[in-house]
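Undergrad: Have a look at the structure that comes next, please.
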Amino acid sequence: MSILSLIIKREYIARVRNKSFLIMTFLSPLILVGMILLISYLTQLNSEDKRTIVVVDESGQFETVFFNTDKTSYVNLSDQGLDAGKEVAKDDVYYGLIHISKNPETATNPVTFYGNETPSYDFIGDIEKRIEKRITDQNLVAQGINLTALETAKSTIDINIENFSGESSSKMSNWVKAGFGGAAGYLLMMFIIIYGNMVMRSVIEEKTNRIIEVIISSVKPFQLMLGKILGTTLAGITQFAIWVLVGGVLLVVLTAVFGVDPSAATSVNPAASQAQEIAQDPNMMIELLQEIQKLPLLQLVGGFFIYFIGGYFLYSSIYAAIGAAVDNETDTQQFMLPIIMPLMLAIYVGFFAVIDNPHGTVATIFSIIPLTSPIVMLMRIPFEVPLWQIIVSITLLIATFIFTVWFGSKIYRVGILMYGKKPTYKDLIKWLKY
């Protein structure tokens, strides 16, 4: 067995046998599922609260506007006046009071809400829309416009999207592509941060325990560094697979036992609400499946593995070099910014530039730069990126990875045996000359 394979095996076994690794592997899914169910339960509990609102409409124009719903009911006390309405609404049974002045068209404050607490943005927005619509309708009628005819004249149109080769798509296509690309890019960023830090801590731990002095006498720094990256990667993939499996089973079982709907946790998110609407509409579900089938799945899967592995290896080599240069995790903070900044920039460019214009100059440039290409290109691939751009991007990523491993191994070779001194960037440059 080669030295590299021995290092990979040793690193993998050391990771998976670690008590903290084992505890977090099985405890993390339980915590995550518990949080999802707790949020879902609290969201459902909050949505079941019914509000009772007192209405005092001095104008007499909006009585039919305030109709009862599943979540809100209204009590009309317009005949009793504002002062009497306030006295009634002060009771804890009521959420508050809505007062409409006698001449809302000319009043400075035509509508006022009185309550013991500030109402939600959605609640106020709903009341404003109801009153605005009624006033608008009244103004149109006053100008002699027939509301029925106006409503009948309204029309909607769906634009058909088709390329010059005759292949058609829909507005949903962009959301599907953005969803796949965004999920892949974000997953890669989290994987880099979590398991890159694991590589760094592994190096610091061995350096602190002086085990490295024995190992380095028979192993080349390049082999040791690469072995640590590969071994930790395999341990990370193992942990991630267990998280998905255990988390999925726990979510299904606990949902059935406690009768909680996990989708309620995302009901306040507009995008999630739209996803629920799609799930409930058979026609939209068919359209969604058709758009998924149109995706370049082979290119997506291949690109995902290439950029996922290349991006992780690139950043892991930097993490390993940092671990070799310092004595403890506290000293690593000064070197974290050069790692975090490109990742954050890639996410920003991906979610703003790529989704808005996937073939624009900004998206194209950052999908080729090696430090940002793993995330940005993963987000661009669903939008059918030209092959030459993918080839250039992958070539630069591989070349940069090889250079970074060489660069990191130079620091690794010297820094792994350095103790008691907090290194500076000047020291790192000096180590490259050895």
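Within each chain, counting starts at residue 1; across the structure tokens, chains are named A, B, ... in the order shown, with ligands numbered 1 upward in that order.
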Neighbours of Thr118 of chain A within 12 Å (only C-alpha atoms; same-chain residues fewer than 6 positions away dropped), as a list in words?
TA: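 So the residues in contact are Tyr95, Gly96, Leu97 and Ile124 of chain A.
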Undergrad: Save out the residues we just selected, C-alpha atoms, as a PDB file, in the first residue's frame.
TA:
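Saved result, selection-v2.pdb, follows:
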```
ATOM      1  CA  TYR A  95     -56.701  42.899  18.995  1.00  0.00           C
ATOM      2  CA  GLY A  96     -57.360  46.586  18.407  1.00  0.00           C
ATOM      3  CA  LEU A  97     -59.610  49.212  16.837  1.00  0.00           C
ATOM      4  CA  ILE A 124     -51.788  46.846   8.072  1.00  0.00           C
TER       5      ILE A 124
END
```
Undergrad: As a PyMOL selection string, please: the residues near Phe407 of chain A (cut-off 10 Å, only C-alpha atoms, same-chain neighbours under 2 positions excluded).
TA: chain A and resi 222+317-318+321+400-405+409-412+432
Undergrad: What does the file look like for those residues with N, CA, C and O atoms, as a PDB file, in the first residue's frame?
TA:
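Done, and the output landed in selection.pdb:
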```pdb
ATOM      1  N   PHE A 222       4.151  17.260   0.949  1.00  0.00           N
ATOM      2  CA  PHE A 222       3.105  17.259  -0.075  1.00  0.00           C
ATOM      3  C   PHE A 222       2.182  16.063   0.092  1.00  0.00           C
ATOM      4  O   PHE A 222       0.950  16.190   0.001  1.00  0.00           O
ATOM      5  N   SER A 317      -6.549  22.984   0.814  1.00  0.00           N
ATOM      6  CA  SER A 317      -5.087  23.131   0.825  1.00  0.00           C
ATOM      7  C   SER A 317      -4.686  24.437   1.511  1.00  0.00           C
ATOM      8  O   SER A 317      -3.662  24.493   2.203  1.00  0.00           O
ATOM      9  N   ILE A 318      -5.509  25.473   1.334  1.00  0.00           N
ATOM     10  CA  ILE A 318      -5.227  26.740   2.022  1.00  0.00           C
ATOM     11  C   ILE A 318      -5.457  26.584   3.523  1.00  0.00           C
ATOM     12  O   ILE A 318      -4.655  27.068   4.338  1.00  0.00           O
ATOM     13  N   ALA A 321      -2.516  24.716   5.010  1.00  0.00           N
ATOM     14  CA  ALA A 321      -1.335  25.564   5.124  1.00  0.00           C
ATOM     15  C   ALA A 321      -1.446  26.506   6.316  1.00  0.00           C
ATOM     16  O   ALA A 321      -0.475  26.738   7.046  1.00  0.00           O
ATOM     17  N   THR A 400      -4.833  26.080 -10.637  1.00  0.00           N
ATOM     18  CA  THR A 400      -4.724  26.827  -9.381  1.00  0.00           C
ATOM     19  C   THR A 400      -4.662  25.887  -8.192  1.00  0.00           C
ATOM     20  O   THR A 400      -3.937  26.149  -7.220  1.00  0.00           O
ATOM     21  N   PHE A 401      -5.422  24.773  -8.247  1.00  0.00           N
ATOM     22  CA  PHE A 401      -5.369  23.786  -7.164  1.00  0.00           C
ATOM     23  C   PHE A 401      -3.969  23.202  -7.038  1.00  0.00           C
ATOM     24  O   PHE A 401      -3.421  23.092  -5.935  1.00  0.00           O
ATOM     25  N   ILE A 402      -3.379  22.818  -8.167  1.00  0.00           N
ATOM     26  CA  ILE A 402      -2.020  22.250  -8.144  1.00  0.00           C
ATOM     27  C   ILE A 402      -1.026  23.275  -7.587  1.00  0.00           C
ATOM     28  O   ILE A 402      -0.173  22.951  -6.754  1.00  0.00           O
ATOM     29  N   PHE A 403      -1.168  24.522  -8.047  1.00  0.00           N
ATOM     30  CA  PHE A 403      -0.281  25.574  -7.554  1.00  0.00           C
ATOM     31  C   PHE A 403      -0.489  25.802  -6.057  1.00  0.00           C
ATOM     32  O   PHE A 403       0.483  25.985  -5.307  1.00  0.00           O
ATOM     33  N   THR A 404      -1.743  25.792  -5.614  1.00  0.00           N
ATOM     34  CA  THR A 404      -2.042  26.033  -4.203  1.00  0.00           C
ATOM     35  C   THR A 404      -1.502  24.912  -3.325  1.00  0.00           C
ATOM     36  O   THR A 404      -0.999  25.166  -2.227  1.00  0.00           O
ATOM     37  N   VAL A 405      -1.622  23.675  -3.802  1.00  0.00           N
ATOM     38  CA  VAL A 405      -1.061  22.546  -3.038  1.00  0.00           C
ATOM     39  C   VAL A 405       0.454  22.686  -2.946  1.00  0.00           C
ATOM     40  O   VAL A 405       1.045  22.464  -1.888  1.00  0.00           O
ATOM     41  N   SER A 409       2.222  23.380   0.462  1.00  0.00           N
ATOM     42  CA  SER A 409       3.198  22.408   0.972  1.00  0.00           C
ATOM     43  C   SER A 409       4.515  23.082   1.347  1.00  0.00           C
ATOM     44  O   SER A 409       5.223  22.626   2.252  1.00  0.00           O
ATOM     45  N   LYS A 410       4.855  24.174   0.670  1.00  0.00           N
ATOM     46  CA  LYS A 410       6.071  24.917   1.022  1.00  0.00           C
ATOM     47  C   LYS A 410       5.919  25.531   2.422  1.00  0.00           C
ATOM     48  O   LYS A 410       6.849  25.468   3.241  1.00  0.00           O
ATOM     49  N   ILE A 411       4.755  26.106   2.674  1.00  0.00           N
ATOM     50  CA  ILE A 411       4.477  26.647   4.013  1.00  0.00           C
ATOM     51  C   ILE A 411       4.357  25.512   5.016  1.00  0.00           C
ATOM     52  O   ILE A 411       4.850  25.596   6.147  1.00  0.00           O
ATOM     53  N   TYR A 412       3.712  24.440   4.573  1.00  0.00           N
ATOM     54  CA  TYR A 412       3.499  23.272   5.426  1.00  0.00           C
ATOM     55  C   TYR A 412       4.835  22.699   5.898  1.00  0.00           C
ATOM     56  O   TYR A 412       4.995  22.322   7.059  1.00  0.00           O
ATOM     57  N   LEU A 432       8.462  30.469   1.793  1.00  0.00           N
ATOM     58  CA  LEU A 432       8.376  29.981   0.409  1.00  0.00           C
ATOM     59  C   LEU A 432       9.750  29.882  -0.245  1.00  0.00           C
ATOM     60  O   LEU A 432       9.926  29.134  -1.216  1.00  0.00           O
TER      61      LEU A 432
END
```
Undergrad: Could you pull the residues within 12 Å of Gly34 of chain A, counting only C-alpha atoms, minus those fewer than 2 positions along the same chain, as an MDAnalysis selection string?
TA: chainID A and resid 27:32 36:41 247 250:255 258 260 262 265
Undergrad: Go ahead and dump the residues you just picked, C-alpha atoms, as a compact mmCIF listing (two decimals), in the first residue's frame.
TA:
```txt
# COMPACT_ATOMS: atom_id res chain seq x y z
CA LEU A 27 -26.82 14.47 17.29
CA SER A 28 -26.85 17.11 14.52
CA PRO A 29 -29.75 15.54 12.53
CA LEU A 30 -31.76 15.23 15.74
CA ILE A 31 -31.16 18.91 16.61
CA LEU A 32 -31.93 20.07 13.05
CA ILE A 36 -37.73 22.30 12.07
CA LEU A 37 -40.58 20.65 13.98
CA LEU A 38 -40.47 23.29 16.74
CA ILE A 39 -40.62 26.15 14.21
CA SER A 40 -43.43 24.35 12.36
CA TYR A 41 -45.39 23.86 15.57
CA GLY A 247 -32.34 13.32 9.22
CA LEU A 250 -36.29 11.24 11.77
CA LEU A 251 -38.25 13.95 9.94
CA VAL A 252 -40.73 11.43 8.52
CA VAL A 253 -41.13 9.51 11.79
CA LEU A 254 -41.41 12.51 14.13
CA THR A 255 -43.76 14.32 11.73
CA PHE A 258 -46.44 14.55 16.51
CA VAL A 260 -46.74 18.56 12.67
CA PRO A 262 -42.88 20.75 8.32
CA ALA A 265 -42.05 26.45 8.94
```
Undergrad: As a ChimeraX atom specification, please: all residues of segment 46-191 of chain A that backbone DSSP puts in strand (DSSP E).
TA: /A:51-57,72-76,96-100,111-114,161-162,168-169
Undergrad: Could the residues in this selection be saved with C-alpha atoms as a short mmCIF file (atom, residue, chain, number, x, y, z; two decimals), in the first residue's frame?
TA:
```
data_model
loop_
_atom_site.label_atom_id
_atom_site.label_comp_id
_atom_site.auth_asym_id
_atom_site.auth_seq_id
_atom_site.Cartn_x
_atom_site.Cartn_y
_atom_site.Cartn_z
CA ARG A 51 -58.00 38.27 15.96
CA THR A 52 -61.11 40.25 16.76
CA ILE A 53 -61.04 43.87 15.59
CA VAL A 54 -63.38 46.67 16.55
CA VAL A 55 -64.36 48.95 13.63
CA VAL A 56 -65.63 52.54 14.01
CA ASP A 57 -66.46 53.87 10.54
CA THR A 72 -59.81 37.74 11.60
CA SER A 73 -63.30 38.81 12.68
CA TYR A 74 -64.68 42.35 12.92
CA VAL A 75 -67.13 43.96 15.33
CA ASN A 76 -68.82 47.08 13.95
CA GLY A 96 -57.36 46.59 18.41
CA LEU A 97 -59.61 49.21 16.84
CA ILE A 98 -59.77 50.64 13.32
CA HIS A 99 -61.11 54.18 13.11
CA ILE A 100 -62.12 55.76 9.80
CA VAL A 111 -57.58 55.81 9.03
CA THR A 112 -56.05 55.10 12.45
CA PHE A 113 -55.38 51.81 14.20
CA TYR A 114 -55.51 51.77 18.01
CA ILE A 161 -40.68 31.83 -24.51
CA GLU A 162 -38.95 30.00 -27.36
CA SER A 168 -39.99 26.41 -25.83
CA SER A 169 -39.77 27.13 -22.11
#
```
Undergrad: Name the closest residue to Val392 of chain A among the candidates A:Glu329, A:Ile322, A:Ile375, A:Pro370; distances are taken between atoms, counting only C-alpha atoms.
TA: A:Pro370
Undergrad: Rank nothing, just name the residue among A:Gly311, A:Gly231, A:Gly125, A:Gly182 nearest to Phe383 of chain A, using only C-alpha atoms.
TA: A:Gly182
Undergrad: Taking only C-alpha atoms into account, which of A:Ser59, A:Pro386, A:Leu140, A:Asp79 comes nearest Ala107 of chain A?
TA: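 Closest to Ala107 of chain A, using only C-alpha atoms: A:Ser59.
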Undergrad: For atom CA of Gln138 of chain A and atom CA of Glu105 of chain A, quote the distance in Å rounded to one decimal.
TA: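 The value is 10.6 Å.
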Undergrad: Residues within 9 Å of segment 186-201 of chain A, please, as a PyMOL selection string. Count only C-alpha atoms; anything in the same chain fewer than 3 positions from it doesn't count.
TA: chain A and resi 181-183+204-206+228-229+232-233+235-236+307-308+311-313+315-324+328-329+340+343-344+347+374-375
Undergrad: Keeping N, CA, C and O atoms for every residue in the selection just given, could you write it to a file as a short mmCIF file (atom, residue, chain, number, x, y, z; two decimals), in the first residue's frame?
TA:
```cif
data_model
loop_
_atom_site.label_atom_id
_atom_site.label_comp_id
_atom_site.auth_asym_id
_atom_site.auth_seq_id
_atom_site.Cartn_x
_atom_site.Cartn_y
_atom_site.Cartn_z
N GLY A 181 -29.04 25.76 -9.24
CA GLY A 181 -27.73 26.39 -9.14
C GLY A 181 -27.46 26.95 -7.76
O GLY A 181 -26.37 26.79 -7.21
N GLY A 182 -28.46 27.62 -7.18
CA GLY A 182 -28.29 28.20 -5.85
C GLY A 182 -28.06 27.15 -4.79
O GLY A 182 -27.20 27.32 -3.91
N ALA A 183 -28.81 26.05 -4.85
CA ALA A 183 -28.64 24.97 -3.87
C ALA A 183 -27.24 24.36 -3.97
O ALA A 183 -26.59 24.09 -2.96
N ILE A 204 -3.43 21.35 13.23
CA ILE A 204 -3.05 22.03 14.48
C ILE A 204 -2.95 21.02 15.62
O ILE A 204 -2.04 21.09 16.46
N GLU A 205 -3.88 20.06 15.66
CA GLU A 205 -3.88 19.06 16.73
C GLU A 205 -2.61 18.22 16.71
O GLU A 205 -1.98 18.00 17.75
N GLU A 206 -2.23 17.74 15.53
CA GLU A 206 -1.02 16.91 15.43
C GLU A 206 0.23 17.73 15.72
O GLU A 206 1.19 17.24 16.30
N LYS A 228 -4.19 14.28 4.11
CA LYS A 228 -5.11 14.85 5.09
C LYS A 228 -6.36 15.40 4.41
O LYS A 228 -7.48 15.22 4.88
N ILE A 229 -6.16 16.07 3.28
CA ILE A 229 -7.30 16.64 2.56
C ILE A 229 -8.24 15.53 2.08
O ILE A 229 -9.46 15.59 2.27
N THR A 232 -9.92 13.60 5.14
CA THR A 232 -10.96 14.41 5.76
C THR A 232 -12.16 14.55 4.84
O THR A 232 -13.31 14.58 5.30
N THR A 233 -11.91 14.62 3.53
CA THR A 233 -13.01 14.69 2.57
C THR A 233 -13.89 13.45 2.65
O THR A 233 -15.12 13.54 2.67
N ALA A 235 -14.19 11.43 5.18
CA ALA A 235 -14.90 11.47 6.47
C ALA A 235 -16.08 12.43 6.40
O ALA A 235 -17.17 12.15 6.92
N GLY A 236 -15.88 13.57 5.73
CA GLY A 236 -16.96 14.54 5.59
C GLY A 236 -18.11 14.00 4.77
O GLY A 236 -19.29 14.21 5.11
N TYR A 307 -16.61 20.69 -9.95
CA TYR A 307 -16.43 21.95 -9.21
C TYR A 307 -16.50 21.74 -7.71
O TYR A 307 -15.83 22.44 -6.95
N PHE A 308 -17.31 20.77 -7.28
CA PHE A 308 -17.40 20.49 -5.85
C PHE A 308 -16.05 19.98 -5.34
O PHE A 308 -15.52 20.47 -4.33
N GLY A 311 -13.19 22.75 -6.03
CA GLY A 311 -13.31 23.88 -5.11
C GLY A 311 -12.94 23.51 -3.69
O GLY A 311 -12.24 24.26 -3.00
N TYR A 312 -13.40 22.32 -3.25
CA TYR A 312 -13.08 21.90 -1.89
C TYR A 312 -11.58 21.66 -1.72
O TYR A 312 -10.98 22.08 -0.73
N PHE A 313 -10.98 20.96 -2.69
CA PHE A 313 -9.54 20.70 -2.61
C PHE A 313 -8.74 22.00 -2.61
O PHE A 313 -7.75 22.14 -1.88
N TYR A 315 -9.61 25.04 -1.53
CA TYR A 315 -9.69 25.76 -0.25
C TYR A 315 -9.13 24.92 0.90
O TYR A 315 -8.58 25.47 1.86
N SER A 316 -9.25 23.60 0.82
CA SER A 316 -8.71 22.75 1.89
C SER A 316 -7.19 22.85 1.96
O SER A 316 -6.61 22.79 3.06
N SER A 317 -6.55 22.98 0.81
CA SER A 317 -5.09 23.13 0.82
C SER A 317 -4.69 24.44 1.51
O SER A 317 -3.66 24.49 2.20
N ILE A 318 -5.51 25.47 1.33
CA ILE A 318 -5.23 26.74 2.02
C ILE A 318 -5.46 26.58 3.52
O ILE A 318 -4.65 27.07 4.34
N TYR A 319 -6.54 25.91 3.90
CA TYR A 319 -6.80 25.65 5.32
C TYR A 319 -5.66 24.86 5.96
O TYR A 319 -5.24 25.14 7.09
N ALA A 320 -5.16 23.83 5.24
CA ALA A 320 -4.07 23.01 5.78
C ALA A 320 -2.80 23.84 5.97
O ALA A 320 -2.08 23.69 6.97
N ALA A 321 -2.52 24.72 5.01
CA ALA A 321 -1.33 25.56 5.12
C ALA A 321 -1.45 26.51 6.32
O ALA A 321 -0.48 26.74 7.05
N ILE A 322 -2.64 27.04 6.54
CA ILE A 322 -2.86 27.92 7.70
C ILE A 322 -2.67 27.14 9.00
O ILE A 322 -2.06 27.62 9.95
N GLY A 323 -3.21 25.91 9.04
CA GLY A 323 -3.05 25.07 10.23
C GLY A 323 -1.60 24.77 10.54
O GLY A 323 -1.20 24.70 11.71
N ALA A 324 -0.79 24.60 9.49
CA ALA A 324 0.63 24.32 9.69
C ALA A 324 1.39 25.55 10.15
O ALA A 324 2.43 25.45 10.81
N ASN A 328 -2.27 27.48 17.39
CA ASN A 328 -3.61 27.25 17.93
C ASN A 328 -4.65 27.93 17.05
O ASN A 328 -4.31 28.74 16.18
N GLU A 329 -5.92 27.60 17.29
CA GLU A 329 -7.00 28.13 16.45
C GLU A 329 -7.16 29.63 16.59
O GLU A 329 -7.64 30.29 15.68
N ILE A 340 -12.61 33.55 3.51
CA ILE A 340 -14.05 33.83 3.59
C ILE A 340 -14.49 34.84 2.53
O ILE A 340 -15.58 34.71 1.96
N LEU A 343 -15.41 33.42 -0.93
CA LEU A 343 -16.63 32.61 -0.83
C LEU A 343 -17.86 33.50 -0.73
O LEU A 343 -18.87 33.26 -1.41
N MET A 344 -17.81 34.53 0.12
CA MET A 344 -18.94 35.44 0.26
C MET A 344 -19.18 36.22 -1.03
O MET A 344 -20.33 36.44 -1.43
N ILE A 347 -20.96 33.92 -3.50
CA ILE A 347 -22.39 33.77 -3.19
C ILE A 347 -23.15 35.03 -3.59
O ILE A 347 -24.25 34.96 -4.16
N PRO A 374 -15.95 27.80 -8.58
CA PRO A 374 -16.71 26.63 -8.15
C PRO A 374 -18.16 26.95 -7.79
O PRO A 374 -19.06 26.17 -8.10
N ILE A 375 -18.40 28.08 -7.16
CA ILE A 375 -19.76 28.45 -6.75
C ILE A 375 -20.50 29.14 -7.89
O ILE A 375 -21.64 28.77 -8.23
#
```
Undergrad: Of the candidates A:Arg17, A:Lys177, A:Lys426, A:Lys50, which shows the shortest atom-to-atom distance to Arg380 of chain A, using only C-alpha atoms?
TA: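 The answer is A:Lys177, which sits nearest to Arg380 of chain A.
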